[in-house]
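What follows is the content of data01.txt (compact mmCIF, C-alpha atoms and all ligand atoms).
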# COMPACT_ATOMS: atom_id res chain seq x y z
CA MET A 1 10.99 -18.05 -54.06
CA ASN A 2 12.18 -21.05 -56.09
CA LYS A 3 13.92 -23.95 -54.46
CA GLU A 4 17.42 -22.88 -55.59
CA GLU A 5 16.89 -19.58 -53.87
CA LYS A 6 15.64 -21.40 -50.80
CA ILE A 7 18.89 -23.38 -50.67
CA LYS A 8 20.89 -20.17 -50.86
CA GLN A 9 18.76 -18.51 -48.21
CA LEU A 10 19.02 -21.49 -45.87
CA ASN A 11 22.78 -21.51 -46.30
CA GLU A 12 22.96 -17.82 -45.39
CA GLU A 13 20.58 -18.24 -42.47
CA ILE A 14 22.64 -21.04 -41.00
CA SER A 15 25.89 -19.10 -41.49
CA ILE A 16 24.49 -16.11 -39.59
CA LYS A 17 23.24 -18.31 -36.73
CA LEU A 18 26.51 -20.19 -36.54
CA GLU A 19 28.38 -16.94 -36.12
CA LYS A 20 26.52 -16.34 -32.88
CA VAL A 21 27.24 -19.78 -31.44
CA ASP A 22 29.67 -19.59 -28.54
CA ASP A 23 29.37 -22.93 -26.82
CA LEU A 24 29.01 -26.60 -27.72
CA LYS A 25 25.52 -26.85 -26.27
CA MET A 26 24.20 -24.13 -28.58
CA LEU A 27 25.93 -25.74 -31.52
CA ASN A 28 24.32 -29.04 -30.76
CA GLU A 29 20.88 -27.46 -30.54
CA LEU A 30 21.39 -25.77 -33.89
CA LYS A 31 22.49 -29.03 -35.44
CA ILE A 32 19.32 -30.74 -34.28
CA GLU A 33 17.21 -27.83 -35.50
CA TYR A 34 18.59 -27.86 -39.05
CA LEU A 35 19.80 -31.37 -39.72
CA SER A 36 17.17 -33.54 -38.03
CA LYS A 37 14.70 -35.62 -40.07
CA ASN A 38 12.01 -32.94 -40.10
CA GLY A 39 14.42 -30.04 -40.34
CA PRO A 40 14.62 -27.56 -43.27
CA VAL A 41 17.38 -29.41 -45.08
CA SER A 42 15.33 -32.61 -45.20
CA GLN A 43 12.33 -30.63 -46.33
CA LEU A 44 14.32 -29.30 -49.30
CA SER A 45 15.15 -32.89 -50.28
CA SER A 46 11.46 -33.70 -50.50
CA PHE A 47 11.19 -31.67 -53.73
CA MET A 48 13.36 -34.24 -55.54
CA LYS A 49 10.52 -36.64 -56.19
CA ASP A 50 8.70 -34.07 -58.46
CA LEU A 51 11.73 -33.39 -60.69
CA ASP A 52 12.76 -35.00 -63.96
CA ASN A 53 16.10 -36.68 -64.28
CA GLU A 54 18.08 -33.70 -65.56
CA GLU A 55 16.66 -31.41 -62.89
CA LYS A 56 17.27 -34.05 -60.19
CA LYS A 57 20.96 -34.05 -61.13
CA GLU A 58 21.24 -30.27 -60.90
CA TYR A 59 19.18 -29.94 -57.75
CA GLY A 60 20.78 -32.96 -56.09
CA LYS A 61 24.18 -31.39 -56.67
CA LEU A 62 23.07 -28.12 -55.08
CA LEU A 63 21.54 -29.97 -52.13
CA ASN A 64 24.73 -32.01 -51.60
CA GLU A 65 26.80 -28.85 -51.71
CA LEU A 66 24.51 -27.32 -49.08
CA LYS A 67 24.75 -30.37 -46.82
CA ASN A 68 28.54 -30.60 -47.17
CA ASN A 69 28.86 -26.89 -46.58
CA ILE A 70 26.73 -27.02 -43.45
CA ASN A 71 28.50 -30.12 -42.07
CA GLU A 72 31.89 -28.55 -42.71
CA LYS A 73 30.90 -25.36 -40.91
CA PHE A 74 29.53 -27.32 -37.97
CA GLU A 75 32.72 -29.36 -37.75
CA THR A 76 34.96 -26.30 -37.95
CA ILE A 77 33.08 -24.50 -35.23
CA LYS A 78 32.88 -27.64 -33.10
CA LYS A 79 36.65 -28.04 -33.30
CA LYS A 80 37.19 -24.38 -32.46
CA LEU A 81 34.87 -24.53 -29.43
CA GLU A 82 36.44 -27.75 -28.17
CA ASP A 83 39.91 -26.25 -28.43
CA GLU A 84 38.76 -23.18 -26.55
CA GLU A 85 37.24 -25.30 -23.83
CA LEU A 86 40.38 -27.40 -23.48
CA ASN A 87 42.58 -24.32 -23.28
CA LYS A 88 40.35 -22.82 -20.64
CA LYS A 89 40.60 -26.03 -18.63
CA LEU A 90 44.35 -26.22 -19.03
CA GLU A 91 44.68 -22.62 -17.95
CA SER A 92 42.57 -23.11 -14.85
CA GLU A 93 44.35 -26.31 -13.85
CA LYS A 94 47.82 -25.04 -14.49
CA ILE A 95 50.34 -25.79 -11.74
CA ASP A 96 52.95 -23.18 -11.16
CA ILE A 97 56.03 -25.32 -10.79
CA THR A 98 58.17 -22.27 -10.12
CA LEU A 99 56.52 -21.85 -6.70
CA PRO A 100 58.98 -22.81 -3.96
CA SER A 101 57.71 -25.84 -2.02
CA LYS A 102 57.20 -25.93 1.73
CA LYS A 103 60.37 -27.13 3.45
CA THR A 104 59.95 -30.52 5.07
CA VAL A 105 61.87 -30.87 8.29
CA ARG A 106 63.99 -33.99 8.16
CA GLY A 107 64.23 -35.74 11.49
CA SER A 108 67.15 -37.75 12.77
CA GLU A 109 67.35 -41.23 14.18
CA HIS A 110 67.05 -41.27 17.96
CA PRO A 111 70.39 -42.11 19.63
CA LEU A 112 68.73 -45.00 21.45
CA ASN A 113 67.36 -46.52 18.28
CA ARG A 114 70.70 -46.08 16.60
CA THR A 115 72.39 -47.92 19.46
CA ILE A 116 69.74 -50.67 19.39
CA GLU A 117 70.18 -51.20 15.67
CA GLU A 118 73.93 -51.38 16.03
CA ILE A 119 73.61 -54.05 18.74
CA GLU A 120 71.12 -56.07 16.69
CA ASP A 121 73.32 -55.91 13.59
CA LEU A 122 76.34 -57.08 15.55
CA PHE A 123 74.61 -60.04 17.18
CA VAL A 124 72.77 -61.08 14.03
CA SER A 125 76.17 -61.12 12.29
CA MET A 126 77.32 -63.58 14.99
CA GLY A 127 74.36 -65.88 14.33
CA TYR A 128 72.04 -64.77 17.14
CA GLU A 129 68.28 -64.66 16.82
CA VAL A 130 66.48 -61.47 17.94
CA VAL A 131 63.47 -62.34 20.12
CA GLU A 132 60.85 -60.32 21.96
CA GLY A 133 58.86 -60.66 25.14
CA PRO A 134 56.01 -58.81 26.86
CA GLU A 135 56.63 -55.61 28.85
CA LEU A 136 53.78 -56.46 31.20
CA GLU A 137 55.23 -59.64 32.64
CA THR A 138 54.18 -62.15 35.24
CA ASP A 139 56.00 -62.53 38.54
CA GLU A 140 56.61 -66.11 37.48
CA PHE A 141 58.64 -65.22 34.38
CA CYS A 142 60.25 -62.06 35.69
CA PHE A 143 61.52 -63.70 38.88
CA GLU A 144 60.39 -67.19 39.86
CA ARG A 145 61.59 -69.03 36.77
CA LEU A 146 64.91 -67.19 37.11
CA ASN A 147 65.62 -68.77 40.49
CA LEU A 148 64.11 -65.85 42.42
CA PRO A 149 61.19 -67.31 44.37
CA LYS A 150 58.74 -65.00 46.15
CA GLY A 151 60.41 -63.42 49.19
CA HIS A 152 63.95 -63.93 47.81
CA PRO A 153 66.16 -61.09 49.11
CA ALA A 154 67.75 -60.54 45.69
CA ARG A 155 64.41 -59.21 44.48
CA ASP A 156 65.41 -56.01 46.27
CA MET A 157 68.01 -55.41 43.54
CA GLN A 158 65.10 -54.38 41.33
CA ASP A 159 62.54 -52.04 42.79
CA SER A 160 59.69 -53.10 40.56
CA PHE A 161 56.34 -51.69 39.51
CA TYR A 162 53.74 -54.27 40.47
CA ILE A 163 50.35 -53.97 38.77
CA THR A 164 48.81 -56.80 40.82
CA ASP A 165 50.44 -59.47 42.98
CA GLU A 166 51.05 -61.50 39.85
CA TYR A 167 51.68 -58.86 37.17
CA VAL A 168 54.70 -56.59 37.04
CA LEU A 169 56.17 -54.19 34.49
CA ARG A 170 59.22 -56.28 33.68
CA ALA A 171 62.21 -55.14 35.68
CA GLN A 172 64.66 -57.05 33.48
CA THR A 173 64.71 -58.59 30.03
CA SER A 174 66.04 -61.73 31.73
CA ALA A 175 62.36 -62.76 31.81
CA VAL A 176 62.73 -63.54 28.10
CA GLN A 177 65.41 -66.14 28.93
CA ALA A 178 62.74 -68.30 30.58
CA ARG A 179 60.23 -67.66 27.80
CA THR A 180 62.74 -68.63 25.11
CA MET A 181 63.84 -71.80 26.89
CA LEU A 182 60.23 -72.94 27.24
CA LYS A 183 59.55 -72.12 23.60
CA TYR A 184 62.55 -74.16 22.48
CA GLY A 185 61.26 -77.04 24.57
CA GLY A 186 64.51 -78.24 26.13
CA THR A 187 65.67 -79.95 22.99
CA LYS A 188 67.30 -77.30 20.83
CA PRO A 189 70.34 -75.06 21.32
CA ILE A 190 69.60 -71.35 21.84
CA LYS A 191 71.50 -68.27 20.69
CA MET A 192 69.36 -65.21 21.23
CA ILE A 193 69.31 -61.58 22.19
CA CYS A 194 66.27 -59.71 23.37
CA ILE A 195 66.10 -55.93 23.37
CA GLY A 196 63.29 -54.07 25.03
CA LYS A 197 61.92 -51.68 27.60
CA THR A 198 62.26 -52.40 31.30
CA TYR A 199 60.88 -50.54 34.31
CA ARG A 200 62.10 -49.79 37.81
CA ARG A 201 61.32 -47.27 40.50
CA GLU A 202 64.39 -45.13 39.90
CA ASP A 203 64.76 -41.62 38.54
CA ASP A 204 67.94 -39.54 38.52
CA ALA A 205 70.64 -38.40 36.09
CA THR A 206 71.85 -41.94 35.43
CA HIS A 207 68.59 -43.85 35.99
CA SER A 208 65.16 -43.54 34.45
CA HIS A 209 62.01 -45.36 35.58
CA GLN A 210 61.81 -46.65 32.01
CA PHE A 211 64.94 -47.83 30.28
CA ASN A 212 66.08 -50.43 27.76
CA GLN A 213 68.04 -53.60 28.21
CA VAL A 214 69.63 -56.14 25.97
CA GLU A 215 69.64 -59.71 27.19
CA GLY A 216 71.77 -62.45 25.67
CA LEU A 217 71.41 -66.19 26.14
CA VAL A 218 73.46 -69.00 24.63
CA ILE A 219 72.61 -72.62 25.46
CA ASP A 220 74.13 -75.68 23.89
CA LYS A 221 74.85 -79.33 24.67
CA LYS A 222 77.56 -79.71 27.33
CA GLU A 223 79.68 -81.71 24.88
CA ASN A 224 80.06 -78.49 22.85
CA LYS A 225 81.76 -76.90 25.86
CA ILE A 226 80.28 -73.41 25.97
CA SER A 227 82.48 -71.79 28.60
CA LEU A 228 83.37 -68.54 30.32
CA ALA A 229 85.94 -68.04 27.56
CA ASP A 230 83.08 -67.81 25.04
CA LEU A 231 81.25 -65.35 27.28
CA LYS A 232 84.39 -63.22 27.64
CA GLY A 233 85.07 -63.26 23.91
CA THR A 234 81.50 -62.36 23.07
CA LEU A 235 81.35 -59.47 25.54
CA GLU A 236 84.71 -58.18 24.37
CA VAL A 237 83.51 -58.02 20.76
CA PHE A 238 80.28 -56.38 21.97
CA MET A 239 81.90 -53.70 24.10
CA LYS A 240 84.67 -52.89 21.62
CA LYS A 241 82.04 -52.39 18.96
CA MET A 242 80.03 -50.11 21.24
CA LEU A 243 82.75 -48.11 22.97
CA GLY A 244 85.81 -48.36 20.74
CA GLU A 245 88.52 -50.85 19.83
CA ASN A 246 90.81 -49.83 22.71
CA THR A 247 88.23 -50.77 25.33
CA GLN A 248 89.49 -53.30 27.90
CA LEU A 249 87.19 -55.52 29.98
CA ARG A 250 87.44 -56.54 33.62
CA PHE A 251 85.38 -59.40 35.07
CA ARG A 252 84.49 -59.06 38.77
CA PRO A 253 82.87 -61.94 40.63
CA SER A 254 79.35 -60.96 41.58
CA TYR A 255 75.97 -62.42 42.40
CA PHE A 256 72.90 -62.90 40.24
CA PRO A 257 70.39 -65.58 41.17
CA PHE A 258 70.11 -66.86 37.58
CA THR A 259 73.82 -67.39 36.93
CA GLU A 260 76.56 -69.30 38.74
CA PRO A 261 79.29 -68.16 38.66
CA SER A 262 78.22 -64.56 38.05
CA TYR A 263 80.27 -61.61 36.91
CA GLU A 264 79.93 -57.93 36.71
CA VAL A 265 81.87 -56.56 33.79
CA ASP A 266 83.64 -53.22 33.79
CA CYS A 267 85.07 -51.39 30.80
CA THR A 268 88.05 -49.08 30.77
CA CYS A 269 86.68 -45.56 31.06
CA PHE A 270 86.19 -44.31 27.50
CA LYS A 271 86.69 -40.73 28.68
CA CYS A 272 90.13 -41.03 30.28
CA GLY A 273 91.15 -44.35 28.71
CA GLY A 274 91.65 -45.90 32.16
CA LYS A 275 93.81 -43.19 33.75
CA GLY A 276 91.09 -42.03 36.15
CA CYS A 277 88.74 -39.07 35.84
CA ASN A 278 85.53 -37.65 37.28
CA LEU A 279 83.34 -39.93 35.14
CA CYS A 280 84.92 -43.16 36.41
CA LYS A 281 85.41 -41.67 39.90
CA GLN A 282 89.19 -41.93 39.45
CA THR A 283 89.05 -45.73 39.15
CA GLY A 284 89.64 -45.97 35.41
CA TRP A 285 86.74 -48.47 35.13
CA ILE A 286 83.02 -48.19 34.46
CA GLU A 287 80.56 -50.96 35.27
CA VAL A 288 78.60 -51.96 32.18
CA LEU A 289 77.25 -55.51 32.31
CA GLY A 290 75.92 -58.40 34.34
CA SER A 291 76.71 -61.91 33.16
CA GLY A 292 77.50 -65.48 34.06
CA ILE A 293 77.02 -69.17 33.42
CA VAL A 294 73.34 -70.10 33.41
CA HIS A 295 72.32 -71.55 36.79
CA PRO A 296 71.29 -75.26 36.72
CA ASN A 297 68.04 -74.37 38.53
CA VAL A 298 67.08 -71.98 35.73
CA LEU A 299 67.78 -74.60 33.10
CA ARG A 300 65.78 -77.21 34.98
CA MET A 301 62.83 -74.94 35.73
CA ASN A 302 62.54 -74.04 32.06
CA GLY A 303 62.77 -77.49 30.57
CA TYR A 304 66.52 -77.94 29.93
CA ASP A 305 68.33 -80.81 31.66
CA PRO A 306 71.41 -79.24 33.35
CA GLU A 307 73.25 -82.56 33.01
CA VAL A 308 73.02 -82.25 29.25
CA TRP A 309 72.77 -78.53 28.52
CA GLY A 310 74.68 -75.44 29.59
CA GLY A 311 75.57 -71.93 28.49
CA PHE A 312 75.99 -68.30 29.39
CA ALA A 313 73.83 -65.21 29.74
CA PHE A 314 74.41 -61.50 29.96
CA GLY A 315 72.37 -58.34 30.30
CA THR A 316 73.01 -54.64 30.14
CA GLY A 317 71.25 -51.27 29.98
CA ILE A 318 71.24 -49.79 26.51
CA ASP A 319 70.51 -46.26 27.70
CA ARG A 320 73.76 -46.22 29.65
CA LEU A 321 75.64 -47.55 26.64
CA ALA A 322 74.11 -44.81 24.45
CA MET A 323 75.10 -42.22 27.07
CA PHE A 324 78.70 -43.47 27.08
CA LYS A 325 78.82 -43.77 23.32
CA TYR A 326 77.53 -40.28 22.62
CA GLY A 327 78.71 -38.48 25.77
CA ILE A 328 75.17 -37.73 26.99
CA PRO A 329 75.39 -36.43 30.57
CA ASP A 330 71.80 -37.09 31.72
CA MET A 331 69.71 -40.16 30.88
CA ARG A 332 66.50 -38.13 31.02
CA TYR A 333 67.55 -36.27 27.83
CA LEU A 334 66.83 -39.51 25.98
CA TYR A 335 63.16 -39.30 26.91
CA THR A 336 62.25 -35.61 26.99
CA ASN A 337 62.01 -35.44 23.20
CA ASP A 338 63.71 -32.05 22.93
CA VAL A 339 64.39 -31.43 19.24
CA ARG A 340 67.45 -29.28 20.03
CA PHE A 341 69.02 -32.28 21.73
CA LEU A 342 67.95 -34.85 19.15
CA LYS A 343 69.12 -32.70 16.22
CA GLN A 344 72.70 -33.22 17.33
CA PHE A 345 72.43 -36.83 16.17
CA ASP A 346 71.43 -35.91 12.64
CA ARG A 347 74.27 -37.65 10.89
CA LYS A 348 74.10 -36.88 7.20
CA ASP A 349 75.98 -40.03 6.23
CA ILE A 350 73.12 -42.27 7.34
CA ASP A 351 70.04 -42.43 5.20
N1 LIG A 401 69.05 -58.82 34.65
C1 LIG A 401 70.18 -58.23 35.31
C2 LIG A 401 69.82 -56.82 35.73
O1 LIG A 401 68.91 -56.27 35.22
C3 LIG A 401 71.37 -58.19 34.40
C4 LIG A 401 71.90 -59.54 34.12
C5 LIG A 401 72.87 -60.12 34.95
C6 LIG A 401 71.45 -60.29 33.09
C7 LIG A 401 73.38 -61.36 34.70
C8 LIG A 401 71.94 -61.56 32.84
C9 LIG A 401 72.92 -62.08 33.67
O2 LIG A 401 71.52 -62.30 31.83
O3 LIG A 401 73.42 -63.31 33.42
O4 LIG A 401 70.48 -56.28 36.57
Target encoding structure tokens, full file:
Amino acid sequence: MNKEEKIKQLNEEISIKLEKVDDLKMLNELKIEYLSKNGPVSQLSSFMKDLDNEEKKEYGKLLNELKNNINEKFETIKKKLEDEELNKKLESEKIDITLPSKKTVRGSEHPLNRTIEEIEDLFVSMGYEVVEGPELETDEFCFERLNLPKGHPARDMQDSFYITDEYVLRAQTSAVQARTMLKYGGTKPIKMICIGKTYRREDDATHSHQFNQVEGLVIDKKENKISLADLKGTLEVFMKKMLGENTQLRFRPSYFPFTEPSYEVDCTCFKCGGKGCNLCKQTGWIEVLGSGIVHPNVLRMNGYDPEVWGGFAFGTGIDRLAMFKYGIPDMRYLYTNDVRFLKQFDRKDID
């Protein structure tokens, strides 16, 4: 067989083998077999050195045609195999976007949190700072620094959970009054609210052993004349915002060890508007708040000179406010986490 025939035969041989190739690995192996340095194509080139110029031209042309032909075929098949592989991959990884997705259940904001946020927004808009304090409190901060020394009869107003003789689950957020005064160091005015959990040994339809309070404290230099009028105005804005614009307030003299004078504040019953009903026990009023002018002893004990500084404080239970606001008959509903109850507060207009 002469070398021209060998070229033709090699071309045919490769074409037949290429037809059987069905993956890239096989194609690669074939490429190495035929096109490597010692492969048959290179061997055919080795005849060149024995040819004269005219023959070299002819033979060289044939050899080039063979090489181009083989390379072209390899490339075509490589492209075809790669396309096939890609399509297979795309097919296997295809996501069926027509499949309906699993429904996610959208929750709703808890009525307590909604009430808390509303209170915070209101007081922040009036220039108050929102502060926090620990739930596990010391006897010192929960009572002593609020003018309630050990053995004081007014401690009976709060049936507290004592952990040790010194540690108590705070029975009132008033503890944060003392903490804030100490933090401010007796030199700066204070305008704060503190919202948080409080604990007492009570459990019935209108009391829970865990509940939430908001505490407010405003202290300024005496020359700035913070008075009962400011306290009244502030509480009026607060209660109207919570229970409706028509709400009226009534201040009743009362006793709290940390304020003097002290007041309990009643609101006109939001159910009957003050006419008298079963909710307000026919009185037309509902008790909502404790408040007063900060006692000089409290100022002194917490680093503020009562000759120079003065102000007011107030405190109320947020759970009760939420109950009034949303007409919830039993405080325990707020804590049992029953979805059927909570779903009622799913207001679509709030995102
Ligand atoms: N801490 C009181 C309570 O839990 C409420 C209270 C009354 C807070 C008068 C005050 C206040 O800041 O001045 O019953």
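Minimum atom-to-atom distances from A:Ala178, A:Gln248, A:Met242, A:Thr187 to ligand LIG 401 (chain A) were compared using all atoms listed in the file, and the lowest value belongs to A:Ala178.
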Check every protein, DNA and RNA residue against ligand LIG 401 (chain A), keep those with an atom at most 10 Å away (counting all atoms listed in the file), and present them as an mmCIF file with C-alpha atoms, keeping the file's coordinate frame.
data_model
loop_
_atom_site.group_PDB
_atom_site.id
_atom_site.type_symbol
_atom_site.label_atom_id
_atom_site.label_comp_id
_atom_site.auth_asym_id
_atom_site.auth_seq_id
_atom_site.Cartn_x
_atom_site.Cartn_y
_atom_site.Cartn_z
ATOM 1 C CA CYS A 142 60.250 -62.060 35.690
ATOM 2 C CA PHE A 143 61.520 -63.700 38.880
ATOM 3 C CA LEU A 146 64.910 -67.190 37.110
ATOM 4 C CA MET A 157 68.010 -55.410 43.540
ATOM 5 C CA GLN A 158 65.100 -54.380 41.330
ATOM 6 C CA ARG A 170 59.220 -56.280 33.680
ATOM 7 C CA ALA A 171 62.210 -55.140 35.680
ATOM 8 C CA GLN A 172 64.660 -57.050 33.480
ATOM 9 C CA THR A 173 64.710 -58.590 30.030
ATOM 10 C CA SER A 174 66.040 -61.730 31.730
ATOM 11 C CA ALA A 175 62.360 -62.760 31.810
ATOM 12 C CA VAL A 176 62.730 -63.540 28.100
ATOM 13 C CA GLN A 177 65.410 -66.140 28.930
ATOM 14 C CA ILE A 193 69.310 -61.580 22.190
ATOM 15 C CA THR A 198 62.260 -52.400 31.300
ATOM 16 C CA TYR A 199 60.880 -50.540 34.310
ATOM 17 C CA ARG A 200 62.100 -49.790 37.810
ATOM 18 C CA ASN A 212 66.080 -50.430 27.760
ATOM 19 C CA GLN A 213 68.040 -53.600 28.210
ATOM 20 C CA VAL A 214 69.630 -56.140 25.970
ATOM 21 C CA GLU A 215 69.640 -59.710 27.190
ATOM 22 C CA GLY A 216 71.770 -62.450 25.670
ATOM 23 C CA LEU A 217 71.410 -66.190 26.140
ATOM 24 C CA SER A 254 79.350 -60.960 41.580
ATOM 25 C CA TYR A 255 75.970 -62.420 42.400
ATOM 26 C CA PHE A 256 72.900 -62.900 40.240
ATOM 27 C CA PRO A 257 70.390 -65.580 41.170
ATOM 28 C CA PHE A 258 70.110 -66.860 37.580
ATOM 29 C CA THR A 259 73.820 -67.390 36.930
ATOM 30 C CA GLU A 260 76.560 -69.300 38.740
ATOM 31 C CA PRO A 261 79.290 -68.160 38.660
ATOM 32 C CA SER A 262 78.220 -64.560 38.050
ATOM 33 C CA TYR A 263 80.270 -61.610 36.910
ATOM 34 C CA GLU A 264 79.930 -57.930 36.710
ATOM 35 C CA VAL A 265 81.870 -56.560 33.790
ATOM 36 C CA VAL A 288 78.600 -51.960 32.180
ATOM 37 C CA LEU A 289 77.250 -55.510 32.310
ATOM 38 C CA GLY A 290 75.920 -58.400 34.340
ATOM 39 C CA SER A 291 76.710 -61.910 33.160
ATOM 40 C CA GLY A 292 77.500 -65.480 34.060
ATOM 41 C CA ILE A 293 77.020 -69.170 33.420
ATOM 42 C CA VAL A 294 73.340 -70.100 33.410
ATOM 43 C CA HIS A 295 72.320 -71.550 36.790
ATOM 44 C CA PHE A 312 75.990 -68.300 29.390
ATOM 45 C CA ALA A 313 73.830 -65.210 29.740
ATOM 46 C CA PHE A 314 74.410 -61.500 29.960
ATOM 47 C CA GLY A 315 72.370 -58.340 30.300
ATOM 48 C CA THR A 316 73.010 -54.640 30.140
ATOM 49 C CA GLY A 317 71.250 -51.270 29.980
#
For Glu307 of chain A, find every residue with an atom within 10 Å (counting all atoms listed in the file), except residues of its own chain fewer than 5 positions away, and show them as a PyMOL selection string.
chain A and resi 221-222+296+299-300
Give me the residues within 7 Å of Leu136 of chain A as a PDB file with C-alpha atoms, in the coordinates of the input, counting all atoms listed in the file and dropping any in the same chain fewer than 6 places off.
ATOM      1  CA  TYR A 167      51.680 -58.860  37.170  1.00  0.00           C
ATOM      2  CA  VAL A 168      54.700 -56.590  37.040  1.00  0.00           C
ATOM      3  CA  LEU A 169      56.170 -54.190  34.490  1.00  0.00           C
ATOM      4  CA  ARG A 170      59.220 -56.280  33.680  1.00  0.00           C
TER       5      ARG A 170
END
Env of Ile219 of chain A: 6 Å cut, atoms = all atoms listed in the file, seq-sep filter 3 positions within chain, self excluded. Answer as a tab-separated table (two decimals) with C-alpha atoms, keeping the file's coordinate frame.
chain	number	residue	atom	x	y	z
A	189	PRO	CA	70.34	-75.06	21.32
A	190	ILE	CA	69.60	-71.35	21.84
A	310	GLY	CA	74.68	-75.44	29.59
A	311	GLY	CA	75.57	-71.93	28.49
Shell around segment 69-86 of chain A at 8 Å using all atoms listed in the file, local window under 6 positions removed, as a compact mmCIF listing (two decimals) with C-alpha atoms, keeping the file's coordinate frame:
# COMPACT_ATOMS: atom_id res chain seq x y z
CA ASN A 11 22.78 -21.51 -46.30
CA ILE A 14 22.64 -21.04 -41.00
CA LEU A 18 26.51 -20.19 -36.54
CA ASP A 22 29.67 -19.59 -28.54
CA ASP A 23 29.37 -22.93 -26.82
CA LEU A 24 29.01 -26.60 -27.72
CA LEU A 27 25.93 -25.74 -31.52
CA LYS A 31 22.49 -29.03 -35.44
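Distances from A:Lys325, A:Pro111, A:Asn53, A:Leu30 to Phe341 of chain A were compared using all atoms listed in the file, and the smallest one belongs to A:Pro111.
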One decimal, Å: what's the distance from atom CA of Asn224 of chain A over to atom CA of Tyr184 of chain A, could you say?
18.0 Å
So the first atom is atom CA of Glu109 of chain A and the second is atom CA of Thr336 of chain A; what is the distance between them in Å, to one decimal place?
14.9 Å
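Relative to atom CA of Lys241 of chain A, atom CA of Asp220 of chain A is found at 25.1 Å.
The nearest approach to Ala229 of chain A among the residues A:Phe211, A:Tyr304, A:Tyr162, A:Phe251, with all atoms listed in the file taken into account, belongs to A:Phe251.
Of the listed residues (A:Glu65, A:Glu202, A:Val298, A:Ser208), A:Glu202 comes nearest to Asp159 of chain A; the distances count all atoms listed in the file.
Using only C-alpha atoms, the smallest distance between any of A:Val308, A:Ile226, A:Ile95, A:Leu112 and Asn337 of chain A comes from A:Leu112.
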